[in-house]
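Undergrad: Coordinates in my_file-v3.txt, compact mmCIF, C-alpha atoms and all ligand atoms, are listed below.
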# COMPACT_ATOMS: atom_id res chain seq x y z
CA MET A 1 -5.31 -4.76 28.40
CA PHE A 2 -2.82 -5.70 25.67
CA ARG A 3 -0.79 -3.67 23.21
CA THR A 4 0.28 -4.67 19.72
CA LYS A 5 3.86 -5.11 18.59
CA ILE A 6 5.39 -5.77 15.20
CA ASN A 7 6.78 -9.27 15.44
CA GLY A 8 8.03 -9.95 11.90
CA ILE A 9 7.99 -8.51 8.40
CA GLY A 10 8.35 -10.09 4.97
CA ARG A 11 7.93 -9.09 1.38
CA HIS A 12 7.91 -10.54 -2.09
CA LEU A 13 8.30 -8.93 -5.50
CA PRO A 14 7.73 -10.94 -8.68
CA ASP A 15 10.95 -11.74 -10.57
CA ASN A 16 9.99 -9.87 -13.73
CA ILE A 17 11.43 -6.32 -13.68
CA VAL A 18 9.96 -3.80 -16.14
CA THR A 19 12.10 -0.71 -16.66
CA ASN A 20 10.95 2.61 -18.05
CA TYR A 21 12.90 1.71 -21.19
CA ASP A 22 10.78 -1.44 -21.55
CA LEU A 23 7.65 0.75 -21.37
CA GLU A 24 9.04 3.04 -24.10
CA LYS A 25 8.72 0.03 -26.43
CA ILE A 26 4.99 -0.49 -25.81
CA MET A 27 3.62 3.04 -25.34
CA ASP A 28 4.44 6.66 -26.12
CA THR A 29 6.45 7.53 -23.03
CA THR A 30 10.06 8.16 -22.04
CA HIS A 31 12.32 7.18 -19.15
CA ASP A 32 13.02 10.86 -18.52
CA TRP A 33 9.30 11.83 -18.32
CA ILE A 34 8.59 9.07 -15.82
CA VAL A 35 11.63 9.82 -13.65
CA GLN A 36 11.07 13.59 -13.66
CA ARG A 37 7.33 13.37 -12.85
CA THR A 38 7.38 10.40 -10.46
CA GLY A 39 10.90 9.24 -9.51
CA ILE A 40 10.07 5.72 -10.74
CA GLU A 41 12.83 3.90 -12.64
CA GLN A 42 11.42 0.37 -12.73
CA ARG A 43 8.65 -1.80 -11.29
CA HIS A 44 7.96 -5.53 -10.95
CA TRP A 45 5.09 -7.01 -12.95
CA VAL A 46 3.95 -10.63 -12.64
CA LYS A 47 4.33 -12.99 -15.53
CA ASN A 48 1.99 -15.76 -16.52
CA ARG A 49 -0.51 -16.96 -13.94
CA GLU A 50 0.82 -15.47 -10.68
CA GLY A 51 -2.04 -14.04 -8.62
CA THR A 52 -2.26 -11.78 -5.58
CA SER A 53 -2.36 -14.58 -3.00
CA ASP A 54 0.63 -16.25 -4.73
CA LEU A 55 2.74 -13.19 -3.97
CA ALA A 56 1.24 -12.89 -0.49
CA VAL A 57 2.04 -16.45 0.56
CA ILE A 58 5.76 -15.94 -0.06
CA ALA A 59 5.77 -12.65 1.87
CA ALA A 60 3.75 -14.26 4.67
CA LYS A 61 6.15 -17.17 5.06
CA GLN A 62 9.05 -14.74 5.26
CA ALA A 63 7.26 -12.63 7.90
CA ILE A 64 6.55 -15.77 9.96
CA GLU A 65 10.20 -16.81 9.67
CA ASN A 66 11.29 -13.36 10.85
CA SER A 67 8.93 -13.50 13.84
CA SER A 68 8.94 -15.41 17.12
CA ILE A 69 5.85 -17.45 16.19
CA GLU A 70 5.02 -20.37 13.94
CA ALA A 71 2.30 -20.43 11.30
CA LYS A 72 0.05 -22.51 13.56
CA ASP A 73 0.03 -19.65 16.13
CA ILE A 74 -1.72 -17.22 13.73
CA ASP A 75 -5.23 -16.42 14.94
CA MET A 76 -6.43 -14.30 12.01
CA ILE A 77 -5.54 -13.06 8.52
CA ILE A 78 -6.27 -9.52 7.40
CA PHE A 79 -5.64 -9.06 3.68
CA ALA A 80 -5.50 -5.53 2.27
CA THR A 81 -5.78 -5.42 -1.52
CA ILE A 82 -7.65 -3.68 -4.32
CA THR A 83 -6.51 -6.29 -6.82
CA PRO A 84 -7.80 -9.56 -5.32
CA ASP A 85 -7.33 -12.89 -7.09
CA TYR A 86 -11.07 -13.08 -7.78
CA PHE A 87 -14.19 -10.89 -7.55
CA PHE A 88 -15.02 -13.14 -4.59
CA PRO A 89 -14.12 -14.82 -2.28
CA GLY A 90 -11.48 -12.58 -0.76
CA SER A 91 -7.78 -13.30 -1.14
CA GLY A 92 -7.50 -13.83 2.64
CA CYS A 93 -9.37 -17.14 2.30
CA LEU A 94 -7.10 -18.23 -0.54
CA LEU A 95 -4.04 -17.33 1.49
CA GLN A 96 -5.37 -19.24 4.49
CA GLU A 97 -5.60 -22.37 2.38
CA LYS A 98 -2.15 -21.82 0.84
CA LEU A 99 -0.67 -21.53 4.33
CA GLY A 100 -2.58 -24.63 5.51
CA LEU A 101 -4.16 -22.70 8.35
CA ASP A 102 -7.31 -24.63 9.12
CA THR A 103 -10.36 -22.51 10.04
CA ILE A 104 -8.97 -19.22 11.36
CA PRO A 105 -10.85 -16.08 10.25
CA ALA A 106 -9.69 -14.34 7.07
CA MET A 107 -10.86 -10.84 6.24
CA ASP A 108 -10.18 -8.73 3.15
CA ILE A 109 -10.16 -4.96 3.37
CA LYS A 110 -10.31 -2.60 0.42
CA GLN A 111 -8.85 0.73 1.41
CA GLN A 112 -6.60 1.24 -1.58
CA CYS A 113 -3.24 2.92 -0.90
CA THR A 114 -4.28 3.43 2.73
CA GLY A 115 -5.06 -0.29 3.05
CA PHE A 116 -2.09 -1.23 5.18
CA VAL A 117 -2.63 1.61 7.66
CA TYR A 118 -6.30 0.60 7.98
CA GLY A 119 -5.13 -3.00 8.38
CA MET A 120 -2.70 -2.15 11.18
CA ALA A 121 -5.42 -0.21 12.99
CA THR A 122 -7.86 -3.12 12.62
CA ALA A 123 -5.35 -5.71 13.82
CA ASP A 124 -4.44 -3.45 16.74
CA GLN A 125 -8.06 -3.33 17.90
CA PHE A 126 -8.48 -7.14 17.75
CA ILE A 127 -5.29 -7.57 19.76
CA ARG A 128 -5.91 -4.78 22.30
CA SER A 129 -9.34 -6.23 23.06
CA GLY A 130 -7.76 -9.60 23.82
CA MET A 131 -9.71 -11.37 21.08
CA TYR A 132 -6.60 -12.49 19.13
CA LYS A 133 -2.90 -12.79 19.97
CA ASN A 134 -1.21 -13.09 16.57
CA ILE A 135 -2.51 -11.58 13.34
CA LEU A 136 -1.03 -11.94 9.87
CA LEU A 137 -1.54 -8.66 8.03
CA ILE A 138 -0.97 -8.64 4.28
CA GLY A 139 -0.79 -5.83 1.74
CA ALA A 140 -0.58 -7.34 -1.74
CA GLU A 141 -1.35 -6.19 -5.25
CA VAL A 142 -1.23 -7.44 -8.81
CA HIS A 143 -1.93 -4.25 -10.71
CA SER A 144 -0.24 -5.16 -13.96
CA LYS A 145 -3.01 -7.43 -15.25
CA ALA A 146 -5.57 -4.60 -15.03
CA LEU A 147 -3.50 -1.76 -16.49
CA ASP A 148 -4.00 -0.34 -19.96
CA LYS A 149 -0.46 -0.82 -21.27
CA THR A 150 -1.02 1.29 -24.37
CA THR A 151 -0.51 5.04 -24.82
CA ARG A 152 -4.15 5.55 -23.80
CA GLY A 153 -3.36 4.35 -20.26
CA ARG A 154 0.16 5.77 -19.92
CA ASP A 155 -0.67 8.35 -17.25
CA ILE A 156 -1.53 5.49 -14.86
CA SER A 157 0.16 2.33 -16.08
CA VAL A 158 3.70 3.68 -15.66
CA LEU A 159 3.01 4.33 -11.96
CA PHE A 160 1.92 0.95 -10.63
CA GLY A 161 3.85 -2.16 -9.67
CA ASP A 162 3.03 -5.60 -8.27
CA GLY A 163 4.23 -6.87 -4.90
CA ALA A 164 3.33 -8.10 -1.46
CA GLY A 165 4.26 -7.19 2.10
CA ALA A 166 3.40 -9.11 5.25
CA MET A 167 3.53 -8.33 8.94
CA ILE A 168 2.99 -10.46 12.02
CA LEU A 169 1.35 -8.37 14.75
CA SER A 170 1.40 -9.91 18.21
CA ALA A 171 0.04 -9.13 21.64
CA THR A 172 2.43 -7.70 24.18
CA ASN A 173 1.88 -6.43 27.71
CA LYS A 174 0.69 -2.87 28.21
CA ASP A 175 4.07 -1.68 29.57
CA ASP A 176 6.06 -2.79 26.53
CA PRO A 177 7.30 0.42 24.87
CA THR A 178 7.69 -1.30 21.47
CA CYS A 179 4.10 -1.22 20.32
CA ILE A 180 1.60 0.59 18.09
CA LEU A 181 0.93 3.90 19.83
CA SER A 182 -1.86 5.26 17.66
CA SER A 183 -3.78 5.00 14.38
CA HIS A 184 -5.82 7.73 12.71
CA LEU A 185 -8.09 6.89 9.77
CA HIS A 186 -10.11 9.05 7.38
CA SER A 187 -12.12 8.93 4.18
CA GLU A 188 -13.87 11.44 1.92
CA GLY A 189 -16.19 9.68 -0.51
CA LYS A 190 -17.07 12.79 -2.47
CA PHE A 191 -13.80 12.24 -4.34
CA ALA A 192 -14.47 8.54 -5.03
CA LYS A 193 -14.54 9.01 -8.79
CA GLU A 194 -11.27 10.94 -8.98
CA LEU A 195 -9.34 7.67 -8.74
CA TRP A 196 -11.36 4.57 -9.44
CA THR A 197 -12.12 1.58 -11.58
CA GLU A 198 -15.76 1.80 -12.51
CA ALA A 199 -16.32 -1.71 -13.84
CA PRO A 200 -17.06 -4.46 -13.30
CA GLY A 201 -19.39 -3.38 -10.52
CA MET A 202 -22.99 -3.32 -9.39
CA GLY A 203 -23.09 0.49 -9.34
CA MET A 204 -23.12 0.61 -13.15
CA ASP A 205 -26.30 1.78 -14.90
CA ASP A 206 -26.19 -1.20 -17.26
CA GLU A 207 -28.24 -4.31 -16.68
CA GLU A 208 -25.13 -6.44 -16.99
CA PHE A 209 -22.13 -5.65 -14.88
CA MET A 210 -19.83 -6.40 -17.82
CA SER A 211 -20.46 -5.74 -21.52
CA TYR A 212 -18.60 -5.12 -24.76
CA ASP A 213 -19.38 -1.38 -24.40
CA ILE A 214 -17.69 -1.29 -21.01
CA LEU A 215 -14.65 -3.02 -22.43
CA GLU A 216 -14.54 -0.74 -25.47
CA GLN A 217 -14.80 2.41 -23.33
CA GLY A 218 -12.06 1.09 -21.03
CA LYS A 219 -14.23 1.41 -17.92
CA HIS A 220 -12.58 -1.70 -16.50
CA ARG A 221 -9.25 0.19 -16.44
CA PRO A 222 -8.27 2.53 -13.60
CA TYR A 223 -9.03 6.23 -14.10
CA MET A 224 -7.20 8.96 -12.21
CA ASN A 225 -7.43 12.73 -12.03
CA GLY A 226 -3.69 12.93 -11.38
CA LYS A 227 -3.49 16.60 -10.47
CA ARG A 228 -6.35 16.43 -7.96
CA VAL A 229 -4.93 13.29 -6.35
CA TYR A 230 -1.52 14.92 -6.17
CA VAL A 231 -2.73 18.01 -4.30
CA HIS A 232 -4.90 16.08 -1.83
CA ALA A 233 -2.18 13.49 -1.19
CA ILE A 234 0.28 16.13 -0.02
CA LYS A 235 -2.29 17.90 2.15
CA ARG A 236 -3.69 14.77 3.80
CA MET A 237 -0.38 12.99 4.36
CA CYS A 238 0.94 16.11 6.14
CA GLU A 239 -2.23 16.26 8.25
CA GLY A 240 -1.84 12.57 9.12
CA ILE A 241 1.62 13.11 10.56
CA ILE A 242 0.55 16.18 12.52
CA GLU A 243 -2.50 14.35 13.90
CA SER A 244 -0.29 11.46 15.10
CA LEU A 245 2.19 13.80 16.74
CA GLU A 246 -0.44 15.89 18.50
CA PHE A 247 -2.28 12.82 19.76
CA ASN A 248 0.92 11.39 21.27
CA LYS A 249 2.18 14.80 22.46
CA LEU A 250 5.36 14.35 20.42
CA LYS A 251 7.43 16.69 18.30
CA LEU A 252 8.57 16.03 14.75
CA GLU A 253 12.17 15.72 15.99
CA ASP A 254 11.13 12.79 18.20
CA ILE A 255 10.41 10.61 15.15
CA ASP A 256 13.35 8.51 13.95
CA LEU A 257 11.94 7.36 10.63
CA PHE A 258 9.01 8.11 8.31
CA PHE A 259 7.33 5.66 5.93
CA PHE A 260 5.07 7.45 3.51
CA HIS A 261 2.89 5.72 0.97
CA GLN A 262 4.83 5.44 -2.29
CA ALA A 263 2.74 7.01 -5.06
CA ASN A 264 5.11 9.62 -6.39
CA LEU A 265 8.55 10.68 -5.16
CA ARG A 266 7.55 14.33 -5.71
CA ILE A 267 4.62 13.91 -3.32
CA ASN A 268 6.90 12.52 -0.60
CA THR A 269 9.52 15.20 -1.16
CA ALA A 270 6.80 17.88 -0.92
CA VAL A 271 5.43 16.37 2.33
CA ALA A 272 8.93 16.24 3.84
CA GLU A 273 9.63 19.83 2.78
CA LYS A 274 6.34 21.16 4.15
CA LEU A 275 6.88 19.47 7.50
CA ASN A 276 10.62 20.21 7.60
CA ILE A 277 11.59 16.55 7.80
CA PRO A 278 15.25 15.86 6.96
CA GLU A 279 15.68 13.76 3.81
CA GLU A 280 17.55 10.97 5.63
CA LYS A 281 14.53 10.28 7.85
CA VAL A 282 12.26 9.39 4.92
CA PHE A 283 12.61 5.89 3.45
CA ASN A 284 11.48 5.73 -0.19
CA THR A 285 11.27 2.64 -2.40
CA ILE A 286 9.18 3.95 -5.29
CA GLN A 287 12.23 4.22 -7.56
CA LYS A 288 12.53 0.40 -7.64
CA TYR A 289 8.95 -0.79 -7.21
CA GLY A 290 6.54 1.94 -8.38
CA ASN A 291 3.28 2.26 -6.47
CA THR A 292 2.37 -1.12 -4.98
CA THR A 293 -0.67 0.35 -3.16
CA ALA A 294 -1.44 -1.62 0.05
CA ALA A 295 1.97 -3.30 -0.11
CA THR A 296 4.16 -0.19 -0.09
CA ILE A 297 4.56 0.33 3.65
CA PRO A 298 5.53 -3.24 4.66
CA ILE A 299 7.80 -3.53 1.60
CA GLY A 300 9.51 -0.28 2.64
CA MET A 301 9.87 -1.43 6.24
CA HIS A 302 11.34 -4.75 5.15
CA ASP A 303 13.89 -3.04 2.92
CA ALA A 304 14.74 -0.52 5.63
CA ILE A 305 15.46 -3.35 8.08
CA GLU A 306 17.67 -5.08 5.51
CA ALA A 307 19.51 -1.82 4.81
CA GLY A 308 20.12 -1.32 8.55
CA VAL A 309 18.06 1.89 8.52
CA LEU A 310 15.10 0.67 10.61
CA LYS A 311 16.42 -0.55 13.95
CA PRO A 312 14.71 -1.92 17.06
CA GLY A 313 13.54 0.79 19.43
CA MET A 314 13.05 3.44 16.72
CA LEU A 315 9.98 5.66 16.82
CA VAL A 316 8.30 5.39 13.43
CA ALA A 317 5.51 7.37 11.74
CA THR A 318 3.59 6.27 8.67
CA SER A 319 1.19 8.28 6.55
CA ALA A 320 -0.74 7.12 3.49
CA PHE A 321 -3.27 8.48 1.03
CA GLY A 322 -5.29 6.80 -1.66
CA SER A 323 -8.41 6.33 -3.66
CA GLY A 324 -11.67 6.86 -1.83
CA PHE A 325 -10.26 9.32 -0.98
CA THR A 326 -8.85 7.61 2.09
CA TRP A 327 -5.93 8.55 4.27
CA GLY A 328 -4.47 7.49 7.56
CA SER A 329 -1.43 7.48 9.79
CA SER A 330 0.07 5.31 12.46
CA LEU A 331 2.78 5.83 15.00
CA PHE A 332 4.68 2.98 16.62
CA ARG A 333 7.90 2.06 18.34
CA TYR A 334 9.55 -0.75 16.36
N1 LIG A 401 4.61 9.59 -20.58
C1 LIG A 401 4.70 10.71 -21.29
N2 LIG A 401 3.79 11.69 -21.22
C2 LIG A 401 2.73 11.51 -20.41
C3 LIG A 401 2.58 10.34 -19.65
C4 LIG A 401 3.57 9.35 -19.76
N3 LIG A 401 3.54 8.19 -19.07
N4 LIG A 401 1.45 10.44 -18.93
C5 LIG A 401 0.89 11.62 -19.22
N5 LIG A 401 1.68 12.27 -20.12
C6 LIG A 401 1.48 13.58 -20.73
C7 LIG A 401 0.05 14.07 -20.61
O1 LIG A 401 -0.70 13.53 -21.67
C8 LIG A 401 0.23 15.56 -20.71
O2 LIG A 401 0.38 15.90 -22.05
P1 LIG A 401 -0.24 17.29 -22.62
O3 LIG A 401 0.44 18.36 -21.82
O4 LIG A 401 0.15 17.26 -24.04
O5 LIG A 401 -1.71 17.20 -22.37
C9 LIG A 401 1.59 15.80 -20.04
O6 LIG A 401 2.24 14.53 -20.02
C10 LIG A 401 1.51 16.33 -18.63
O7 LIG A 401 0.61 15.60 -17.93
P2 LIG A 401 0.17 16.05 -16.50
O8 LIG A 401 -0.99 15.23 -16.09
O9 LIG A 401 0.07 17.54 -16.46
O10 LIG A 401 1.46 15.66 -15.64
P3 LIG A 401 1.66 15.87 -14.10
O11 LIG A 401 2.83 16.71 -13.89
O12 LIG A 401 0.40 16.21 -13.39
O13 LIG A 401 2.08 14.39 -13.63
C11 LIG A 401 1.24 12.44 -12.57
C12 LIG A 401 1.21 13.32 -13.80
C13 LIG A 401 0.28 11.29 -12.76
C14 LIG A 401 2.64 11.87 -12.42
C15 LIG A 401 0.87 13.28 -11.33
O14 LIG A 401 -0.28 14.00 -11.56
C16 LIG A 401 0.72 12.45 -10.08
O15 LIG A 401 1.65 11.87 -9.58
N6 LIG A 401 -0.49 12.44 -9.51
C17 LIG A 401 -0.77 11.68 -8.31
C18 LIG A 401 -0.63 10.22 -8.59
C19 LIG A 401 -0.94 9.39 -7.44
O16 LIG A 401 -0.56 9.71 -6.34
N7 LIG A 401 -1.61 8.26 -7.67
C20 LIG A 401 -1.88 7.27 -6.71
C21 LIG A 401 -2.63 7.76 -5.56
S1 LIG A 401 -2.42 6.82 -4.22
Written as structure tokens, how would this file's structure read?
Ligand code: COA

TA:
Amino acid sequence: MFRTKINGIGRHLPDNIVTNYDLEKIMDTTHDWIVQRTGIEQRHWVKNREGTSDLAVIAAKQAIENSSIEAKDIDMIIFATITPDYFFPGSGCLLQEKLGLDTIPAMDIKQQCTGFVYGMATADQFIRSGMYKNILLIGAEVHSKALDKTTRGRDISVLFGDGAGAMILSATNKDDPTCILSSHLHSEGKFAKELWTEAPGMGMDDEEFMSYDILEQGKHRPYMNGKRVYVHAIKRMCEGIIESLEFNKLKLEDIDLFFFHQANLRINTAVAEKLNIPEEKVFNTIQKYGNTTAATIPIGMHDAIEAGVLKPGMLVATSAFGSGFTWGSSLFRY
């Protein structure tokens, strides 16, 4: 029986920084509104032809460099994204080719802002079972190309950023204390339409999956019931932490650091307040990057390592919530 340890982390943000003041020039919004409601001050948006796997490959190479393995040792790619390069095939296959990794399996998962937590749980199962030893897990998004950057889309477009995070997960022996201790995953499809992009898709009533009507109605742009998402996010992210603690028979005080999904600073502050978590134990990055969906947790972990906040041996809890609705938590010793 094996356990899974985090063996290297990398991240990449596109060079192009878009501040709230830049957004003021293209839509009816203000820096103050965005900061007060979300905490976001800027985000990175790709320029030109950069795609999701282009961001991922840079993050992946960095994660490999920060790990004890070489690219050739990777047995599998798991790619979490809701903004893949193409409708199909999945971005994992594209990344495999960009890394020159022969015929290893590549799997995309679409679990929105909970994507990375689902990905960690999936990788953990492949490794625990002994099927694979080293898995490259990616969370990467290019939201900016799909956002409505006019006043019509301002409630959503100011929130999202592009970026990629990568993690090498490797097998370790069952007595190694630095490993993934637990994962808990959930979904509740009755809220699927509260945060979704309806088109293009095969669930549409139309005969064609894309039409001028769809474009005119903006059905290819994300829709969000912000208030409903907000309330559920706080509730479910709190539950995720409690579920992890109870399962591992741990107390809140035992956790050294918390990585919450980065959707809104107010959500994370509310979760911390409800659970009585001291501010210094929560690592937030949303101010600089906005919501990068599946990429937020590895990006946060990378930055926390660089800042000297996340140190080897620390007990870490993550909790994420997203469209689906989906939510999940993981607990690990780094
Ligand atoms: N700039 C300026 N005004 C804006 C705006 C923007 N970017 N976006 C919306 N507004 C306006 C609205 O039109 C509304 O105007 P009205 O009162 O004249 O109708 C007003 O601001 C208030 O909007 P409201 O929706 O009540 O704001 P809010 O306090 O609920 O905050 C969110 C909006 C989106 C920040 C908040 O609901 C949220 O964070 N929800 C969860 C988001 C999330 O987690 N998403 C990802 C899930 S993983």

Undergrad: Between atom C13 of ligand LIG 401 (chain A) and CA of His261 (chain A), measure the distance and give it in Å to one decimal.

TA: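 One can read the atom C13 of ligand LIG 401 (chain A) to CA of His261 (chain A) distance as 15.0 Å.
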
Undergrad: Do you know which residues are at most 8 Å from Asn248 (chain A) counting only C-alpha atoms, after dropping those on the same chain fewer than 4 positions away, and could you put them as a list in words?

TA: Leu181, Ser182 and Ser244 of chain A

Undergrad: Counting only C-alpha atoms and all ligand atoms, what residues are within 6 Å of ligand LIG 401 (chain A), given as a PyMOL selection string?

TA: chain A and resi 29-30+33+37-38+113+154-155+158+226-227+229-230+263-264+321-322

Undergrad: Restrict the calculation to all atoms listed in the file, then for each residue of region 70-92 of chain A with any atom at most 12 Å from an atom of region 5-27 of chain A give the closest atom pair and their distance in Å to one decimal, rows by chain and rising residue number, as a tab-separated table.

TA:
residue	atom	partner	partner_atom	distance
A:Glu70	CA	A:Gly8	CA	11.0
A:Ala71	CA	A:Gly8	CA	12.0
A:Ile74	CA	A:Asn7	CA	11.8

Undergrad: Measuring atom to atom with all atoms listed in the file, identify which of A:Thr122, A:Pro89, A:Lys145, A:Gly324 is nearest to Glu194 (chain A).

TA: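 Closest to Glu194 (chain A) of all the choices is A:Gly324.
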
Undergrad: Between A:Lys72, A:His143, A:Lys98, A:Lys249, which residue has the minimum interatomic distance to Tyr289 (chain A), considering all atoms listed in the file?

TA: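 Going through A:Lys72, A:His143, A:Lys98, A:Lys249 one by one, the smallest distance to Tyr289 (chain A) is for A:His143.
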
Undergrad: Would you mind listing, for every residue of region 28-103 of chain A within 8 Å of region 161-174 of chain A, the two atoms forming the shortest contact and the distance between them in Å to one decimal, using only C-alpha atoms, sorted by chain and ascending residue number, as CSV?

TA:
residue,atom,partner,partner_atom,distance
A:Arg43,CA,A:Gly161,CA,5.1
A:His44,CA,A:Gly161,CA,5.5
A:Trp45,CA,A:Asp162,CA,5.3
A:Val46,CA,A:Asp162,CA,6.7
A:Thr52,CA,A:Ala164,CA,7.9
A:Leu55,CA,A:Ala164,CA,5.7
A:Ala56,CA,A:Ala164,CA,5.3
A:Ala59,CA,A:Ala166,CA,5.4
A:Ala60,CA,A:Ala166,CA,5.2
A:Gln62,CA,A:Ala166,CA,8.0
A:Ala63,CA,A:Met167,CA,5.8
A:Ile64,CA,A:Ile168,CA,6.7
A:Ser67,CA,A:Ile168,CA,6.9

Undergrad: Quote the spacing between CA of Lys274 (chain A) and CA of Lys235 (chain A) in Å to one decimal place.

TA: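 Atom-to-atom, CA of Lys274 (chain A) to CA of Lys235 (chain A), that is 9.4 Å.
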
Undergrad: Have a look at CA of Tyr334 (chain A) and CA of Arg236 (chain A) and let me know their distance in Å, one decimal.

TA: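 Between CA of Tyr334 (chain A) and CA of Arg236 (chain A) the gap works out to 24.0 Å.
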
Undergrad: Extract, using all atoms listed in the file, all DNA, RNA and protein residues at most 8 Å from Ile82 (chain A), discarding same-chain residues fewer than 4 positions from it, and format them as a PyMOL selection string.

TA: chain A and resi 110-112+141+294

Undergrad: Could the residues in this selection be saved with C-alpha atoms as a compact mmCIF listing (two decimals), keeping the file's coordinate frame?

TA:
# COMPACT_ATOMS: atom_id res chain seq x y z
CA LYS A 110 -10.31 -2.60 0.42
CA GLN A 111 -8.85 0.73 1.41
CA GLN A 112 -6.60 1.24 -1.58
CA GLU A 141 -1.35 -6.19 -5.25
CA ALA A 294 -1.44 -1.62 0.05

Undergrad: As number ranges by chain, please: the residues near Met204 (chain A) (cut-off 10 Å, only C-alpha atoms, same-chain neighbours under 6 positions excluded).

TA: A: 198, 210, 214

Undergrad: May I have the residues within 7 Å of Leu185 (chain A) as a PyMOL selection string, using all atoms listed in the file and disregarding those fewer than 6 positions away in the same chain?

TA: chain A and resi 118+327-329

Undergrad: Hey, can you spit out that residue selection with C-alpha atoms as a compact mmCIF listing (two decimals), in the frame of the given file?

TA:
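Result file follows (out05.txt):
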# COMPACT_ATOMS: atom_id res chain seq x y z
CA TYR A 118 -6.30 0.60 7.98
CA TRP A 327 -5.93 8.55 4.27
CA GLY A 328 -4.47 7.49 7.56
CA SER A 329 -1.43 7.48 9.79

Undergrad: Set the distance at 6 Å and use only C-alpha atoms: which residues neighbour Cys179 (chain A) once local chain neighbours fewer than 2 positions away are removed? I'd like the list as a list in words.

TA: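 With the cut-off at 6 Å, the set is Thr4, Lys5, Pro177, Phe332 and Arg333 of chain A.
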
Undergrad: Could you check which of A:Glu188, A:Asp213, A:Asp256, A:Glu273 is closest to Thr326 (chain A), using all atoms listed in the file?

TA: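 For Thr326 (chain A), the nearest of the candidates is A:Glu188.
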
Undergrad: Point out the residue among A:Thr269, A:Thr103, A:Ser129, A:Ser319 with the least atom-to-atom distance to Thr296 (chain A), counting all atoms listed in the file.

TA: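 Using all atoms listed in the file, Thr296 (chain A) sits closest to A:Ser319.
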
Undergrad: I need the residue nearest Gly51 (chain A) from this list: A:Ser323, A:Ser91, A:Asn284, A:Ser330. Use only C-alpha atoms for the distance.

TA: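 That would be A:Ser91, the residue with the smallest distance to Gly51 (chain A).
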
Undergrad: Using only C-alpha atoms, find the one residue out of A:Thr81, A:Thr178, A:Ser183, A:Gln96 that sits nearest to Asp124 (chain A).

TA: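 Counting only C-alpha atoms, the residue closest to Asp124 (chain A) is A:Ser183.
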
Undergrad: Please define a box with edges along x, y and z of the file around all atoms of region 180-195 of chain A given in the file, extend it by 5 Å on each side, and return its centre and edge lengths in Å to one decimal, as lines of an AutoDock Vina configuration file.

TA:
center_x = -7.7
center_y = 6.7
center_z = 5.4
size_x = 28.7
size_y = 22.2
size_z = 38.8
